[in-house]
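Student: Just final-v4.cif, nothing more (mmCIF, C-alpha atoms and all ligand atoms):
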data_work
#
loop_
_atom_site.label_atom_id
_atom_site.label_comp_id
_atom_site.auth_asym_id
_atom_site.auth_seq_id
_atom_site.Cartn_x
_atom_site.Cartn_y
_atom_site.Cartn_z
CA MET A 1 31.00 -2.45 -7.47
CA ALA A 2 31.41 0.07 -4.66
CA VAL A 3 30.15 -1.10 -1.26
CA ALA A 4 27.52 1.65 -1.02
CA GLU A 5 25.92 0.44 -4.26
CA LYS A 6 24.95 -2.79 -2.56
CA LEU A 7 22.65 -1.07 -0.11
CA VAL A 8 19.00 -1.53 -1.11
CA HIS A 9 16.25 0.53 0.53
CA LEU A 10 12.94 -1.30 0.83
CA VAL A 11 10.35 1.39 1.53
CA ALA A 12 7.44 0.32 3.73
CA ALA A 13 4.74 2.74 4.76
CA ALA A 14 1.32 1.37 5.38
CA ARG A 15 -0.38 -1.89 6.17
CA PRO A 16 -0.66 -3.13 2.56
CA ASN A 17 3.09 -2.59 2.04
CA PHE A 18 4.48 -4.68 4.89
CA MET A 19 3.49 -8.06 3.45
CA LYS A 20 4.96 -7.10 0.06
CA VAL A 21 8.31 -6.04 1.48
CA ALA A 22 8.76 -8.99 3.88
CA PRO A 23 9.36 -11.77 1.30
CA LEU A 24 11.60 -9.47 -0.72
CA HIS A 25 13.72 -8.72 2.33
CA ARG A 26 13.95 -12.42 3.06
CA ALA A 27 15.05 -13.18 -0.52
CA LEU A 28 17.67 -10.40 -0.64
CA ALA A 29 19.17 -10.72 2.86
CA PRO A 30 21.25 -13.88 2.26
CA LEU A 31 22.72 -12.60 -1.05
CA ALA A 32 26.36 -11.59 -0.77
CA TRP A 33 26.06 -8.60 -3.14
CA CYS A 34 23.13 -7.04 -1.38
CA ARG A 35 22.35 -5.32 1.95
CA PRO A 36 18.60 -4.76 2.11
CA VAL A 37 17.26 -2.42 4.80
CA VAL A 38 13.69 -1.42 5.56
CA ILE A 39 12.81 2.27 5.57
CA HIS A 40 9.53 2.86 7.43
CA THR A 41 7.84 6.10 6.43
CA GLY A 42 5.43 5.91 9.38
CA GLN A 43 2.26 6.49 7.34
CA HIS A 44 0.69 3.76 9.50
CA TYR A 45 1.82 3.81 13.12
CA ASP A 46 -0.74 2.09 15.39
CA TYR A 47 0.58 -1.20 16.76
CA ASN A 48 -1.95 -3.33 14.90
CA MET A 49 -1.57 -1.35 11.66
CA SER A 50 2.23 -1.58 11.65
CA ALA A 51 4.40 -3.21 14.36
CA ALA A 52 2.16 -6.29 14.50
CA PHE A 53 2.98 -6.90 10.84
CA PHE A 54 6.72 -6.59 11.44
CA ALA A 55 6.43 -9.20 14.18
CA ASP A 56 4.14 -11.54 12.22
CA LEU A 57 6.22 -11.42 9.03
CA GLY A 58 9.67 -11.48 10.61
CA LEU A 59 10.59 -8.08 9.22
CA PRO A 60 13.69 -6.57 10.85
CA GLU A 61 13.60 -3.27 12.72
CA PRO A 62 13.55 -0.44 10.18
CA ALA A 63 16.96 1.13 9.52
CA ALA A 64 15.18 4.50 9.49
CA HIS A 65 11.77 5.77 10.48
CA LEU A 66 10.51 8.92 8.74
CA GLU A 67 7.58 9.45 11.17
CA VAL A 68 5.28 10.91 8.55
CA GLY A 69 2.05 9.99 10.36
CA SER A 70 -1.46 11.06 9.34
CA GLY A 71 -2.61 14.27 7.71
CA SER A 72 -4.06 15.57 4.48
CA HIS A 73 -2.71 14.05 1.28
CA GLY A 74 -0.55 17.11 0.72
CA GLU A 75 0.85 16.99 4.23
CA GLN A 76 1.52 13.27 4.07
CA ILE A 77 3.19 13.33 0.63
CA GLY A 78 5.06 16.55 1.42
CA ARG A 79 6.42 15.39 4.77
CA CYS A 80 7.45 12.05 3.31
CA LEU A 81 9.16 13.63 0.30
CA MET A 82 11.16 16.00 2.51
CA ALA A 83 12.13 13.39 5.09
CA TYR A 84 13.21 10.81 2.52
CA GLU A 85 15.12 13.39 0.48
CA GLN A 86 17.05 14.29 3.65
CA LEU A 87 17.75 10.66 4.43
CA LEU A 88 19.09 10.04 0.92
CA ALA A 89 21.23 13.17 1.09
CA ALA A 90 22.65 12.19 4.50
CA GLY A 91 23.76 8.84 3.07
CA PRO A 92 24.94 6.20 2.73
CA ARG A 93 23.54 6.33 -0.78
CA PRO A 94 21.62 3.18 -1.75
CA GLY A 95 22.27 1.34 -5.02
CA ALA A 96 18.53 0.92 -5.44
CA VAL A 97 15.26 1.94 -3.83
CA VAL A 98 12.24 -0.36 -3.99
CA VAL A 99 8.81 1.19 -3.41
CA ALA A 100 5.69 -0.97 -3.24
CA GLY A 101 2.04 -0.57 -4.10
CA ASP A 102 0.12 2.68 -4.36
CA VAL A 103 0.01 4.57 -1.06
CA ASN A 104 1.01 8.20 -0.62
CA SER A 105 4.45 7.25 0.70
CA THR A 106 5.08 5.16 -2.43
CA LEU A 107 4.79 8.22 -4.65
CA ALA A 108 6.69 10.51 -2.27
CA CYS A 109 9.67 8.18 -1.90
CA ALA A 110 9.67 7.41 -5.62
CA LEU A 111 9.97 11.11 -6.38
CA ALA A 112 12.72 11.65 -3.79
CA ALA A 113 14.70 8.65 -5.09
CA ARG A 114 14.33 9.73 -8.71
CA ARG A 115 15.39 13.30 -7.94
CA ALA A 116 18.45 11.92 -6.15
CA GLY A 117 19.21 9.81 -9.23
CA VAL A 118 18.96 6.52 -7.36
CA PHE A 119 17.87 3.44 -9.33
CA LEU A 120 14.15 3.15 -8.60
CA VAL A 121 12.10 -0.05 -8.63
CA HIS A 122 8.32 -0.28 -8.34
CA LEU A 123 6.99 -3.51 -6.88
CA GLU A 124 3.39 -4.23 -7.99
CA ALA A 125 3.61 -1.95 -11.01
CA GLY A 126 1.11 -1.49 -13.82
CA LEU A 127 -2.17 -2.00 -11.94
CA ARG A 128 -4.92 0.37 -13.06
CA SER A 129 -8.49 0.93 -11.90
CA PHE A 130 -8.90 3.65 -14.58
CA ASP A 131 -10.60 5.72 -11.87
CA ARG A 132 -8.47 8.83 -11.91
CA ASP A 133 -10.24 10.22 -8.85
CA MET A 134 -8.70 7.56 -6.61
CA PRO A 135 -5.53 8.80 -4.88
CA GLU A 136 -4.11 5.29 -5.26
CA GLU A 137 -4.59 5.42 -9.05
CA GLN A 138 -2.75 8.75 -9.22
CA ASN A 139 0.03 7.30 -7.08
CA ARG A 140 0.32 4.22 -9.33
CA VAL A 141 0.46 6.08 -12.64
CA LEU A 142 3.02 8.60 -11.41
CA THR A 143 5.22 6.04 -9.65
CA ASP A 144 5.28 3.87 -12.78
CA GLN A 145 6.36 6.83 -14.87
CA LEU A 146 9.21 7.56 -12.44
CA ALA A 147 10.54 4.02 -11.93
CA ASP A 148 13.57 2.59 -13.75
CA LEU A 149 12.39 -0.98 -13.25
CA LEU A 150 8.77 -2.07 -13.01
CA TRP A 151 7.89 -5.43 -11.45
CA THR A 152 4.40 -6.44 -12.54
CA PRO A 153 2.11 -9.16 -11.15
CA SER A 154 0.02 -10.03 -14.23
CA PRO A 155 -0.28 -9.59 -18.02
CA ASP A 156 -2.94 -6.86 -17.70
CA ALA A 157 -0.37 -4.76 -15.84
CA ASP A 158 2.14 -5.22 -18.70
CA ALA A 159 -0.53 -4.14 -21.19
CA ASN A 160 -1.42 -1.03 -19.16
CA LEU A 161 2.22 0.06 -19.08
CA ALA A 162 2.65 -0.54 -22.80
CA ARG A 163 -0.44 1.59 -23.46
CA GLU A 164 1.07 4.40 -21.40
CA GLY A 165 4.24 4.31 -23.47
CA VAL A 166 6.50 2.74 -20.83
CA ASP A 167 9.55 1.17 -22.48
CA PRO A 168 9.05 -2.64 -22.27
CA GLY A 169 12.75 -2.89 -21.43
CA ARG A 170 11.92 -1.40 -18.01
CA VAL A 171 9.17 -3.95 -17.29
CA GLU A 172 9.60 -7.46 -15.84
CA ARG A 173 6.67 -9.67 -14.91
CA VAL A 174 7.62 -11.31 -11.63
CA GLY A 175 4.22 -12.45 -10.31
CA ASN A 176 2.31 -11.62 -7.17
CA ILE A 177 4.46 -11.17 -4.08
CA MET A 178 1.46 -11.25 -1.70
CA ILE A 179 1.28 -14.98 -2.38
CA ASP A 180 4.90 -15.33 -1.22
CA SER A 181 3.96 -13.67 2.09
CA LEU A 182 1.06 -16.02 2.57
CA GLU A 183 3.08 -19.13 1.80
CA MET A 184 6.05 -17.89 3.86
CA VAL A 185 4.03 -17.99 7.08
CA ARG A 186 1.29 -20.45 6.12
CA PRO A 187 1.96 -22.93 8.96
CA ALA A 188 1.73 -20.09 11.48
CA ILE A 189 -1.51 -18.88 9.86
CA GLU A 190 -2.98 -22.37 10.02
CA ALA A 191 -1.99 -22.76 13.68
CA ARG A 192 -3.84 -19.57 14.70
CA ARG A 193 -7.45 -20.76 14.26
CA ALA A 194 -8.57 -17.15 14.81
CA TRP A 195 -12.25 -18.10 14.49
CA GLU A 196 -12.11 -20.07 17.74
CA GLY A 197 -11.58 -16.99 19.89
CA LEU A 198 -14.72 -15.51 18.31
CA GLY A 199 -16.83 -18.61 18.95
CA LEU A 200 -17.14 -19.35 15.23
CA SER A 201 -16.42 -22.41 13.13
CA PRO A 202 -14.66 -22.68 9.75
CA GLY A 203 -17.00 -21.94 6.87
CA GLY A 204 -19.61 -20.54 9.24
CA TYR A 205 -18.91 -16.81 8.95
CA GLY A 206 -17.85 -14.01 6.62
CA VAL A 207 -15.12 -11.36 7.00
CA VAL A 208 -15.64 -7.67 6.25
CA THR A 209 -13.03 -4.94 5.67
CA LEU A 210 -13.96 -1.47 4.41
CA HIS A 211 -11.96 1.74 4.49
CA ARG A 212 -12.06 3.47 1.07
CA PRO A 213 -13.00 7.15 1.26
CA ALA A 214 -15.76 6.57 -1.34
CA ASN A 215 -17.41 4.03 0.98
CA VAL A 216 -16.83 5.44 4.43
CA ASP A 217 -16.35 9.21 4.26
CA GLN A 218 -19.93 10.28 3.41
CA PRO A 219 -22.71 9.75 6.00
CA ALA A 220 -25.35 8.57 3.49
CA ALA A 221 -23.04 6.06 1.77
CA LEU A 222 -21.76 4.66 5.07
CA ALA A 223 -25.30 4.42 6.49
CA ALA A 224 -26.44 2.44 3.44
CA LEU A 225 -23.42 0.18 3.75
CA ALA A 226 -24.05 -0.37 7.47
CA GLN A 227 -27.66 -1.35 6.72
CA ALA A 228 -26.59 -3.75 3.97
CA LEU A 229 -24.07 -5.37 6.33
CA ALA A 230 -26.69 -5.74 9.05
CA ARG A 231 -29.00 -7.49 6.56
CA ALA A 232 -26.18 -9.74 5.33
CA ALA A 233 -25.25 -10.58 8.93
CA ALA A 234 -28.77 -11.91 9.47
CA ARG A 235 -27.91 -14.59 6.87
CA LEU A 236 -24.29 -15.29 7.83
CA PRO A 237 -22.37 -14.13 10.93
CA LEU A 238 -19.87 -11.42 9.93
CA VAL A 239 -16.61 -10.36 11.58
CA PHE A 240 -15.59 -6.80 10.77
CA PRO A 241 -12.06 -5.76 11.84
CA ALA A 242 -12.62 -2.04 11.39
CA HIS A 243 -9.85 0.19 10.03
CA PRO A 244 -9.26 3.26 12.29
CA ARG A 245 -10.59 5.49 9.53
CA THR A 246 -13.84 3.47 9.31
CA ARG A 247 -14.36 3.27 13.06
CA ALA A 248 -13.85 7.04 13.39
CA ARG A 249 -16.45 7.72 10.67
CA LEU A 250 -18.96 5.26 12.15
CA GLU A 251 -18.65 7.10 15.44
CA ARG A 252 -18.85 10.55 13.89
CA PHE A 253 -21.96 9.67 11.85
CA ALA A 254 -23.62 8.01 14.88
CA LEU A 255 -23.72 4.63 13.12
CA LEU A 256 -21.47 2.68 15.47
CA ASP A 257 -24.06 1.70 18.09
CA GLY A 258 -26.56 0.48 15.49
CA LEU A 259 -23.94 -1.62 13.76
CA THR A 260 -22.63 -3.09 17.02
CA ALA A 261 -26.18 -4.01 17.98
CA ALA A 262 -26.89 -5.74 14.64
CA GLY A 263 -27.40 -9.45 15.25
CA GLY A 264 -24.62 -11.59 13.81
CA LEU A 265 -22.21 -8.74 13.20
CA ARG A 266 -19.03 -8.50 15.25
CA LEU A 267 -17.01 -5.28 15.07
CA VAL A 268 -13.43 -5.93 16.23
CA GLU A 269 -10.09 -4.10 16.22
CA PRO A 270 -7.82 -4.33 13.14
CA MET A 271 -5.84 -7.57 13.26
CA GLY A 272 -2.23 -8.48 12.59
CA TYR A 273 -1.35 -10.47 9.48
CA LEU A 274 -1.44 -13.97 10.97
CA ASP A 275 -4.74 -13.52 12.80
CA PHE A 276 -6.36 -11.79 9.86
CA MET A 277 -5.26 -14.33 7.28
CA SER A 278 -6.27 -17.13 9.63
CA LEU A 279 -9.73 -15.58 9.89
CA VAL A 280 -9.91 -15.24 6.10
CA THR A 281 -8.80 -18.83 5.41
CA GLY A 282 -11.68 -20.07 7.61
CA ALA A 283 -14.29 -17.74 6.08
CA ARG A 284 -17.20 -18.63 3.79
CA LEU A 285 -16.82 -15.30 1.99
CA VAL A 286 -15.20 -11.88 2.25
CA ILE A 287 -16.81 -8.47 1.75
CA THR A 288 -14.16 -5.81 1.14
CA ASP A 289 -12.94 -2.70 -0.64
CA SER A 290 -9.26 -3.57 -0.15
CA GLY A 291 -6.85 -4.18 -3.01
CA GLY A 292 -4.77 -7.04 -1.67
CA ILE A 293 -7.67 -9.05 -0.26
CA GLN A 294 -9.11 -9.40 -3.77
CA GLU A 295 -5.90 -11.27 -4.65
CA GLU A 296 -5.61 -13.34 -1.48
CA THR A 297 -9.19 -14.62 -1.85
CA THR A 298 -8.58 -15.57 -5.49
CA TYR A 299 -5.52 -17.54 -4.42
CA LEU A 300 -7.52 -19.25 -1.65
CA HIS A 301 -10.57 -19.90 -3.95
CA LEU A 302 -12.78 -17.94 -1.53
CA PRO A 303 -15.75 -15.86 -2.75
CA CYS A 304 -14.90 -12.15 -2.59
CA LEU A 305 -17.50 -9.37 -2.85
CA THR A 306 -15.66 -6.15 -3.65
CA VAL A 307 -17.78 -3.10 -2.86
CA ARG A 308 -16.29 -0.81 -5.49
CA PRO A 309 -17.26 0.32 -8.99
CA SER A 310 -13.83 -0.61 -10.40
CA THR A 311 -10.80 -2.72 -9.63
CA GLU A 312 -7.13 -2.33 -10.50
CA ARG A 313 -6.93 -6.13 -10.24
CA PRO A 314 -9.28 -7.26 -13.06
CA ILE A 315 -7.59 -10.67 -13.27
CA THR A 316 -9.23 -11.56 -9.93
CA VAL A 317 -12.62 -11.07 -11.62
CA GLU A 318 -11.70 -12.66 -14.96
CA LEU A 319 -9.97 -15.74 -13.56
CA GLY A 320 -10.60 -15.66 -9.84
CA THR A 321 -13.36 -15.50 -7.25
CA ASN A 322 -13.82 -11.74 -7.10
CA ARG A 323 -17.01 -9.90 -8.11
CA LEU A 324 -17.60 -6.15 -7.99
CA VAL A 325 -20.87 -5.38 -6.22
CA THR A 326 -22.87 -2.28 -5.35
CA VAL A 327 -24.12 -1.80 -1.80
CA GLU A 328 -27.59 -2.91 -2.96
CA GLU A 329 -26.17 -6.13 -4.43
CA ILE A 330 -24.37 -7.32 -1.27
CA GLU A 331 -27.32 -9.20 0.21
CA GLY A 332 -28.12 -11.08 -3.02
CA ALA A 333 -24.46 -11.96 -3.54
CA VAL A 334 -24.25 -13.39 -0.02
CA ASP A 335 -27.32 -15.54 -0.77
CA GLN A 336 -25.68 -16.68 -3.99
CA VAL A 337 -22.54 -17.78 -2.14
CA LEU A 338 -24.59 -19.57 0.52
CA ALA A 339 -26.49 -21.38 -2.25
CA GLY A 340 -23.14 -22.62 -3.61
CA ASP A 341 -23.57 -20.56 -6.76
CA TRP A 342 -20.09 -19.03 -7.01
CA PRO A 343 -17.11 -19.92 -9.21
CA ARG A 344 -14.13 -21.65 -7.62
CA GLY A 345 -11.90 -19.62 -9.89
CA ARG A 346 -8.37 -20.18 -11.14
CA VAL A 347 -5.07 -18.87 -9.80
CA PRO A 348 -3.22 -16.61 -12.26
CA GLU A 349 0.16 -17.62 -13.62
CA LEU A 350 3.20 -16.72 -11.46
CA TRP A 351 1.10 -16.39 -8.30
CA ASP A 352 3.21 -19.25 -7.01
CA GLY A 353 5.08 -18.07 -3.91
CA ARG A 354 8.33 -17.59 -5.87
CA THR A 355 7.97 -13.94 -6.85
CA ALA A 356 10.54 -12.60 -4.36
CA GLY A 357 13.19 -14.93 -5.82
CA ARG A 358 12.43 -13.60 -9.31
CA CYS A 359 12.65 -10.04 -7.99
CA ALA A 360 16.04 -10.73 -6.39
CA ALA A 361 17.39 -12.24 -9.64
CA SER A 362 16.02 -9.30 -11.62
CA LEU A 363 17.61 -6.74 -9.31
CA ALA A 364 20.97 -8.55 -9.39
CA ARG A 365 20.92 -8.44 -13.21
CA ARG A 366 19.95 -4.78 -13.35
CA LEU A 367 22.58 -3.71 -10.81
CA GLY A 368 25.22 -5.74 -12.55
CA ALA A 369 25.64 -8.08 -9.58
CA ALA A 370 24.67 -11.26 -11.45
C1 LIG A 401 -4.01 4.19 3.16
C2 LIG A 401 -3.76 4.13 1.65
C3 LIG A 401 -4.67 3.08 1.03
C4 LIG A 401 -4.52 1.74 1.73
C5 LIG A 401 -4.79 1.93 3.22
C6 LIG A 401 -4.62 0.61 3.96
C7 LIG A 401 -3.11 6.24 0.59
C8 LIG A 401 -3.57 7.32 -0.32
N1 LIG A 401 -4.06 5.39 1.01
O1 LIG A 401 -5.34 4.68 3.34
O2 LIG A 401 -4.32 2.93 -0.32
O3 LIG A 401 -5.43 0.82 1.19
O4 LIG A 401 -3.87 2.91 3.72
O5 LIG A 401 -4.91 0.75 5.31
O6 LIG A 401 -1.95 6.17 0.89
N2 LIG A 401 -4.81 5.92 11.20
C9 LIG A 401 -4.65 5.44 12.48
N3 LIG A 401 -3.61 4.61 12.74
C10 LIG A 401 -2.74 4.24 11.79
C11 LIG A 401 -2.91 4.73 10.49
C12 LIG A 401 -3.95 5.56 10.20
O7 LIG A 401 -5.43 5.74 13.38
O8 LIG A 401 -1.81 3.47 12.10
C13 LIG A 401 -5.92 6.79 10.89
C14 LIG A 401 -5.45 8.17 10.48
O9 LIG A 401 -5.32 9.01 11.57
C15 LIG A 401 -6.51 8.61 9.52
C16 LIG A 401 -7.00 7.34 8.91
O10 LIG A 401 -6.61 6.27 9.76
O11 LIG A 401 -7.57 9.21 10.21
C17 LIG A 401 -6.50 7.18 7.50
O12 LIG A 401 -5.14 6.76 7.44
P1 LIG A 401 -4.21 7.00 6.13
O13 LIG A 401 -2.99 6.17 6.20
O14 LIG A 401 -4.05 8.42 5.91
O15 LIG A 401 -5.04 6.50 4.94
P2 LIG A 401 -5.81 5.16 4.77
O16 LIG A 401 -7.23 5.50 4.68
O17 LIG A 401 -5.39 4.17 5.80
#
Would you kindly transcribe this structure into structure tokens?
Tutor:
Amino acid sequence: MAVAEKLVHLVAAARPNFMKVAPLHRALAPLAWCRPVVIHTGQHYDYNMSAAFFADLGLPEPAAHLEVGSGSHGEQIGRCLMAYEQLLAAGPRPGAVVVAGDVNSTLACALAARRAGVFLVHLEAGLRSFDRDMPEEQNRVLTDQLADLLWTPSPDADANLAREGVDPGRVERVGNIMIDSLEMVRPAIEARRAWEGLGLSPGGYGVVTLHRPANVDQPAALAALAQALARAAARLPLVFPAHPRTRARLERFALLDGLTAAGGLRLVEPMGYLDFMSLVTGARLVITDSGGIQEETTYLHLPCLTVRPSTERPITVELGTNRLVTVEEIEGAVDQVLAGDWPRGRVPELWDGRTAGRCAASLARRLGAA
């Protein structure tokens, strides 16, 4: 095998990507046949949305930074596509490109890699919310169609791909890599005790994260959500590390002061991985519209209230601790958790902290290195 074929680009773009790429980098780095490097597209760039995760997860400095930044979807995808195409053309040419998840950079880099004829792998393939209006759903479907190798986390993902006519020979179920990240730094997470700095005790508070356009971009929807959170916070103290997008909308719609003043609700800056996961492990429940947190809470047997009409991770509802709720249902669901009326849930198969190892073995086989 030529030396250049051993280079593997691990594309990382936004907060939910960093924890997926970190265990994979750690699994590939010691292998003699492989030289994994991180390519940062720059979709997320604030310290606590990006660099904090590199530090917390032991990710190396990116080999290249595409500096895509914020913008409309078209701008973000377009800039990323152009910049990554140029990087691939400049060389050295990688033997494989791994893209993760469903953000705009995932799709853009998948397209650039495919056009350049580089072997393309999609980590966390096959998830579907069946809501075709979600940008993430469009990114998932298109990336899966482009990829040569699809690493799935669960049987529902395999079934979705089969239904879309994806050749089963391209699909390998490897499990959920987010669990690897969590286990990789679990002692550090446990040492953080993030609740202490907030004057809270384990089991005595809830954690909130919300950033989906459908929840935060319209004044009426965000106002209703803010009121529901204020009511929930009267029952259980809530810590809300607000995404920059959410904070900006709260300010713009003049909802920030009211929310800050709500008794029991603490609005804080976005947190790094260790602090955030520490806060979650000590929580009584989580209220979220995130993708990954639905999985982390299922793994930790923590009640999760997902404020969305659909989920691309149905296994967290079927087996785990996740329930989809409307804004109106939040308060009642919090009461239900506090009354102890919530399933403990089961952890899906292959969510065992060994996914990155299975990915490394799979890639070695596919590239002819094993
Ligand atoms: C993106 C992903 C979403 C993911 C989320 C996690 C897409 C289509 N969406 O949504 O799937 O769940 O990231 O956070 O790719 N901003 C900052 N600092 C940053 C990053 C963003 O201030 O480091 C601001 C931007 O200026 C913008 C807003 O946050 O106003 C949205 O950021 P963007 O990355 O475009 O989309 P997200 O809503 O974060």
Student: Just want the residues within 8 Å of ligand LIG 401 (chain A), written as number ranges by chain, counting only C-alpha atoms and all ligand atoms.
Tutor: A: 14-16, 43-50, 69-73, 76, 102-106, 135-136, 139, 211-213, 243-246, 248, 290-291
Student: From the options A:Ala108, A:Leu300, A:Leu305, A:Ala230, which residue's atoms come nearest to Asp257 in chain A, counting only C-alpha atoms?
Tutor: A:Ala230
Student: Would you pick out the contacts of Gly345 in chain A at 12 Å or less, using all atoms listed in the file, so that residues sharing its chain but fewer than 4 positions from it are not included, and give the list as a list in words?
Tutor: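 Answer for this query is Glu295, Thr297, Thr298, Tyr299, Leu300, His301, Leu302, Pro303, Cys304, Ile315, Thr316, Val317, Glu318, Leu319, Gly320, Thr321, Asn322 and Arg323 of chain A.
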Student: Just checking: using all atoms listed in the file, which residue out of A:Ala283, A:Leu127, A:Met271, A:Cys359 ends up closest to Ser310 in chain A?
Tutor: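 Of all the options, A:Leu127 lies closest to Ser310 in chain A.
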Student: Could you check the closest approach to Trp33 in chain A for each of A:Asp133, A:Leu149, A:Ala55, A:Ala364 and tell me which residue wins, using all atoms listed in the file?
Tutor: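 The answer is A:Ala364, which sits nearest to Trp33 in chain A.
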Student: What gap, in Å, lies between CA of Glu251 in chain A and CA of Pro219 in chain A?
Tutor: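 It comes out at 10.6 Å.
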Student: Show which residues sit within 10 Å of Val68 in chain A, as a list in words. Count only C-alpha atoms, and ignore same-chain residues fewer than 4 positions away.
Tutor: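 Skipping anything fewer than 4 positions along the chain leaves Ala13, His40, Thr41, Gly42, Gln43, His44, Tyr45, Glu75, Gln76, Ile77, Gly78, Arg79, Cys80, Leu81, Met82, Ala83, Tyr84 and Ser105 of chain A.
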Student: Build an axis-aligned box that encloses every atom of range 4-19 of chain A listed in the file, pad it by 5 Å on each side, and report its centre and edge lengths in Å to one decimal, as JSON.
Tutor:
{"center_x": 13.4, "center_y": -2.7, "center_z": 1.0, "size_x": 38.2, "size_y": 20.8, "size_z": 20.4}
